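Below: one structure, written as structure tokens.
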Amino acid sequence: MGAMTTADATTPLSPAPAGHTGADRLLILPPTDQRAGTPYARAHAGPARAVLEAGGAVVANSAQEPVGDGSATALVLVRPIPVDEVEAALDANLGITWVQLPFAGIEPYVPLIRSRSGISWTSAKGTYAPPVAEHALMLTLALLRELPTRIRATSWAPAGGSTLNGMDCVVIGGGGIAREYLRLLKAWDTRVTIVRRTAGDVPGADRTVTQERLDEVLPGAGVVMVAAAATDLTRGMIGARQLELMDPDAVLVNVARGTLVDTDALVAALAAGSLRGAGLDVTDPEPLPEGHPLWTEPRCIITPHTADTPEMCIPLLDARIGRNLAARSTGGALEGLVDPAGGY
């Protein structure tokens, strides 16, 4: 998969905070001894090396003293941790003016972000686009080629399946994952409509519309892929009405957040046969409880939020952190700036 570039339009840039010059004193969470023996153990090396190369220092921390010595100017999370632990680190290090989050979906952190207006927050949005878009394409092709049925089969059957060639596809979202998936779809003769929050054409798309026109573009689409950010405006955006508007031969793929799709409505649509299939890397609730009807739905493929595993993502996150630390040391632009008002 092609890597996203630092100049990609889906990765907002922001100048380093006013008043920050030179290299950072970096606090990395969770503490080193809480990462030992996990895939995240190596995640310390990239940020630490980057800040040292920029002339800065790493603020030592441990489970006994997780917030360091109070001298940090920047905070990097190498994996998700509770919001109150981030808040405690900020309260103990009043000089922190930048926080790097390790994921694209930042819903639990939005209230804290909005309460700390003097801090620049960056997320991993766009960073994991290649592996996640690859996973979305895998689910798409599996559904179109009727693999849910064939994997469960114990006997030969008539041939079935559809090709992407000549198909109309709707991609919900305008960020890095959506754009990388769009690039992959264009290996076939597809017509792709991008649905995004703001107006403006997405390069490579045949059509770009705003979210208000979603219902208008669903009929006739063979593939609907969800890759939008989880916000108050996108919660339940694929509900009973949207599923009714989709063609019976259409497939739905969700690699964003489970809350963007009304689970009960999806269960009903699949059970009624009014939807060809669904490929879900995310669910609502998550994890999906044992015994949930989606587990036994023959038209559904579920992967347990594995579109971007630590092994895939840690090198990509390391690279982003390194670029942002370098930008901090020179007063350059930060990648992946969070929009506090938008919540992503």
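Order determines the names: the first chain of the structure tokens is A, the second B, and so forth; residues in each chain are numbered 1 upward, and ligands are numbered 1 upward as they are shown.
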
- Message: So that I can check the secondary structure, give me every residue of region 69-314 of chain A assigned strand (DSSP E or B) by backbone DSSP, as a ChimeraX atom specification.
- Response: /A:74-77,98-100,120-122,168-172,191-196,207-210,223-226,238,251-254,261,277-280,300-302

As an mmCIF file with C-alpha atoms, in the first residue's frame, please: every residue in region 60-259 of chain A that DSSP puts in alpha helix (DSSP H).
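Wrote it out as result.cif, contents follow:
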```cif
data_model
loop_
_atom_site.group_PDB
_atom_site.id
_atom_site.type_symbol
_atom_site.label_atom_id
_atom_site.label_comp_id
_atom_site.auth_asym_id
_atom_site.auth_seq_id
_atom_site.Cartn_x
_atom_site.Cartn_y
_atom_site.Cartn_z
ATOM 1 C CA VAL A 83 -8.417 10.047 30.127
ATOM 2 C CA ASP A 84 -7.819 10.742 33.822
ATOM 3 C CA GLU A 85 -4.213 9.576 33.472
ATOM 4 C CA VAL A 86 -3.652 12.050 30.644
ATOM 5 C CA GLU A 87 -5.250 14.796 32.719
ATOM 6 C CA ALA A 88 -3.012 13.929 35.674
ATOM 7 C CA ALA A 89 0.066 14.190 33.463
ATOM 8 C CA LEU A 90 -1.026 17.611 32.215
ATOM 9 C CA ASP A 91 -1.722 18.850 35.738
ATOM 10 C CA ALA A 92 1.719 17.685 36.888
ATOM 11 C CA VAL A 110 -12.719 15.383 23.318
ATOM 12 C CA PRO A 111 -13.970 16.996 26.586
ATOM 13 C CA LEU A 112 -10.403 17.155 27.921
ATOM 14 C CA ILE A 113 -9.118 18.554 24.624
ATOM 15 C CA ARG A 114 -11.769 21.264 24.655
ATOM 16 C CA SER A 115 -10.900 22.179 28.238
ATOM 17 C CA ALA A 129 -4.843 4.721 6.227
ATOM 18 C CA PRO A 130 -2.989 2.116 4.132
ATOM 19 C CA PRO A 131 -3.617 -0.951 6.361
ATOM 20 C CA VAL A 132 -7.197 0.064 7.220
ATOM 21 C CA ALA A 133 -8.135 0.743 3.594
ATOM 22 C CA GLU A 134 -6.558 -2.590 2.641
ATOM 23 C CA HIS A 135 -8.737 -4.307 5.250
ATOM 24 C CA ALA A 136 -11.835 -2.507 3.958
ATOM 25 C CA LEU A 137 -11.060 -3.688 0.438
ATOM 26 C CA MET A 138 -10.625 -7.247 1.711
ATOM 27 C CA LEU A 139 -14.071 -7.159 3.349
ATOM 28 C CA THR A 140 -15.579 -5.614 0.210
ATOM 29 C CA LEU A 141 -14.247 -8.288 -2.119
ATOM 30 C CA ALA A 142 -15.123 -11.100 0.301
ATOM 31 C CA LEU A 143 -18.740 -9.960 0.397
ATOM 32 C CA LEU A 144 -19.021 -9.421 -3.347
ATOM 33 C CA LEU A 147 -17.230 -15.796 0.814
ATOM 34 C CA PRO A 148 -19.456 -15.797 3.918
ATOM 35 C CA THR A 149 -21.578 -18.458 2.214
ATOM 36 C CA ARG A 150 -18.705 -20.408 0.695
ATOM 37 C CA ILE A 151 -16.644 -20.529 3.896
ATOM 38 C CA ARG A 152 -19.568 -22.111 5.742
ATOM 39 C CA GLY A 176 -6.937 9.371 4.833
ATOM 40 C CA ILE A 177 -8.695 5.992 4.972
ATOM 41 C CA ALA A 178 -11.430 7.087 2.577
ATOM 42 C CA ARG A 179 -8.894 8.492 0.121
ATOM 43 C CA GLU A 180 -6.674 5.435 0.233
ATOM 44 C CA TYR A 181 -9.700 3.159 -0.280
ATOM 45 C CA LEU A 182 -10.722 5.374 -3.196
ATOM 46 C CA ARG A 183 -7.268 4.904 -4.700
ATOM 47 C CA LEU A 184 -7.590 1.140 -4.362
ATOM 48 C CA LEU A 185 -11.083 1.102 -5.890
ATOM 49 C CA LEU A 214 -26.191 10.849 1.800
ATOM 50 C CA ASP A 215 -29.711 9.518 1.251
ATOM 51 C CA GLU A 216 -29.630 10.811 -2.302
ATOM 52 C CA VAL A 217 -26.539 8.822 -3.328
ATOM 53 C CA ALA A 240 -33.057 1.992 9.103
ATOM 54 C CA ARG A 241 -33.901 4.611 6.462
ATOM 55 C CA GLN A 242 -30.441 4.476 4.869
ATOM 56 C CA LEU A 243 -30.458 0.665 4.830
ATOM 57 C CA GLU A 244 -33.863 0.718 3.144
ATOM 58 C CA LEU A 245 -32.508 3.061 0.473
#
```

- Excluding Arg299 (chain A) and residues on its chain fewer than 6 positions from it, collect all residues at most 9 Å away from it, counting only C-alpha atoms, and give them as JSON, numbers by chain. {"A": [143, 146, 148, 149, 270, 271, 273, 275, 276, 277, 278, 279]}

- Query: Which residue gives the smallest distance to Ala319 (chain A) among A:Ala124, A:Val253, A:Ala60, A:Val209, with only C-alpha atoms counted?
  - Reply: A:Ala124

Long-range neighbours of Ile194 (chain A) as a short mmCIF file (atom, residue, chain, number, x, y, z; two decimals) with C-alpha atoms, in the first residue's frame, 10 Å cut-off, only C-alpha atoms, 6 positions minimum in chain:
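Result written to selection09.cif:
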```
data_model
loop_
_atom_site.label_atom_id
_atom_site.label_comp_id
_atom_site.auth_asym_id
_atom_site.auth_seq_id
_atom_site.Cartn_x
_atom_site.Cartn_y
_atom_site.Cartn_z
CA CYS A 169 -19.47 2.82 -4.86
CA VAL A 170 -20.18 5.26 -2.03
CA VAL A 171 -17.41 6.08 0.42
CA ILE A 172 -18.48 7.92 3.58
CA GLY A 173 -15.64 10.05 4.88
CA GLY A 174 -13.05 12.33 3.33
CA ALA A 178 -11.43 7.09 2.58
CA ARG A 179 -8.89 8.49 0.12
CA LEU A 182 -10.72 5.37 -3.20
CA ASP A 201 -13.98 17.89 -4.32
CA VAL A 202 -11.81 14.95 -3.32
CA PRO A 203 -9.17 14.23 -5.97
CA GLY A 204 -9.88 10.99 -7.84
CA ALA A 205 -13.55 10.80 -6.87
CA ASP A 206 -16.17 10.91 -9.59
CA ARG A 207 -18.43 12.94 -7.33
CA THR A 208 -18.14 14.55 -3.90
CA VAL A 209 -21.20 15.50 -1.84
CA THR A 210 -21.82 16.64 1.72
CA GLN A 211 -23.35 14.46 4.41
CA LEU A 214 -26.19 10.85 1.80
CA VAL A 217 -26.54 8.82 -3.33
CA MET A 225 -17.99 1.88 2.84
#
```

- Message: So that I can check the surroundings of Glu53 (chain A), please list as a PyMOL selection string every protein, DNA and RNA residue that reaches within 9 Å of it, counting only C-alpha atoms and ignoring chain neighbours fewer than 4 positions away.
- Response: chain A and resi 48-49+326

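If you look at CA of Ala23 (chain A) and CA of Gly70 (chain A), they are 16.3 Å away from each other.
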
Could you make a table, as a Markdown table, of the residues of region 73-181 of chain A that have an atom within 7 Å of an atom of region 26-29 of chain A, each with its nearest atom pair and distance in Å to one decimal, counting only C-alpha atoms, in chain and number order?
```
| residue | atom | partner | partner_atom | distance |
| --- | --- | --- | --- | --- |
| A:Thr73 | CA | A:Leu26 | CA | 6.3 |
| A:Ala74 | CA | A:Leu26 | CA | 5.0 |
| A:Leu75 | CA | A:Leu27 | CA | 4.9 |
| A:Val76 | CA | A:Ile28 | CA | 4.9 |
| A:Leu77 | CA | A:Leu29 | CA | 4.9 |
| A:Val78 | CA | A:Leu29 | CA | 6.4 |
```

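Our summary of the geometry notes that CA of Gly46 (chain A) is positioned 26.5 Å from CA of Arg116 (chain A).
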
What lies within 8 Å of Arg145 (chain A) using only C-alpha atoms, ignoring chain neighbours under 5 positions off, as a PDB file with N, CA and C atoms, in the first residue's frame?
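Wrote part_9.pdb, looks like this:
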```
ATOM      1  N   GLY A 160     -21.463 -17.979  -8.041  1.00  0.00           N
ATOM      2  CA  GLY A 160     -22.077 -16.698  -7.695  1.00  0.00           C
ATOM      3  C   GLY A 160     -21.004 -15.671  -7.408  1.00  0.00           C
ATOM      4  N   GLY A 161     -21.414 -14.429  -7.323  1.00  0.00           N
ATOM      5  CA  GLY A 161     -20.463 -13.372  -7.024  1.00  0.00           C
ATOM      6  C   GLY A 161     -20.546 -12.241  -8.015  1.00  0.00           C
ATOM      7  N   SER A 162     -19.956 -11.104  -7.627  1.00  0.00           N
ATOM      8  CA  SER A 162     -19.973  -9.900  -8.463  1.00  0.00           C
ATOM      9  C   SER A 162     -18.570  -9.317  -8.544  1.00  0.00           C
ATOM     10  N   THR A 163     -18.333  -8.563  -9.592  1.00  0.00           N
ATOM     11  CA  THR A 163     -17.061  -7.870  -9.764  1.00  0.00           C
ATOM     12  C   THR A 163     -17.221  -6.391  -9.458  1.00  0.00           C
TER      13      THR A 163
END
```

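Between CA of Leu101 (chain A) and CA of Thr122 (chain A) the separation is 6.1 Å.
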
- Got a sec: who's within 7 Å of Ala57 (chain A), counting only C-alpha atoms, leaving out chain neighbours fewer than 2 positions off, as an MDAnalysis selection string? chainID A and resid 24:26 51:52 55 59

Keeping only N, CA and C atoms, write the selected residues as a CSV table (one decimal), in the first residue's frame.
```csv
chain,number,residue,atom,x,y,z
A,24,ASP,N,12.2,19.5,22.8
A,24,ASP,CA,11.2,19.2,23.9
A,24,ASP,C,11.8,18.4,25.0
A,25,ARG,N,11.2,18.5,26.1
A,25,ARG,CA,11.4,17.5,27.2
A,25,ARG,C,10.2,16.6,27.1
A,26,LEU,N,10.4,15.4,26.7
A,26,LEU,CA,9.3,14.5,26.3
A,26,LEU,C,8.9,13.5,27.4
A,51,VAL,N,13.3,12.6,19.7
A,51,VAL,CA,13.5,13.8,20.6
A,51,VAL,C,15.0,14.0,20.9
A,52,LEU,N,15.7,12.9,21.1
A,52,LEU,CA,17.1,13.0,21.3
A,52,LEU,C,17.9,13.6,20.1
A,55,GLY,N,17.7,17.2,19.9
A,55,GLY,CA,18.4,17.9,20.9
A,55,GLY,C,17.7,18.0,22.2
A,59,VAL,N,11.8,12.6,29.6
A,59,VAL,CA,11.5,12.6,31.0
A,59,VAL,C,11.2,11.2,31.5
```

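Among A:Thr127, A:Ser117, A:Thr263, A:Ser155, the residue with the shortest atom-to-atom distance to Arg323 (chain A), counting only C-alpha atoms, is A:Thr127.
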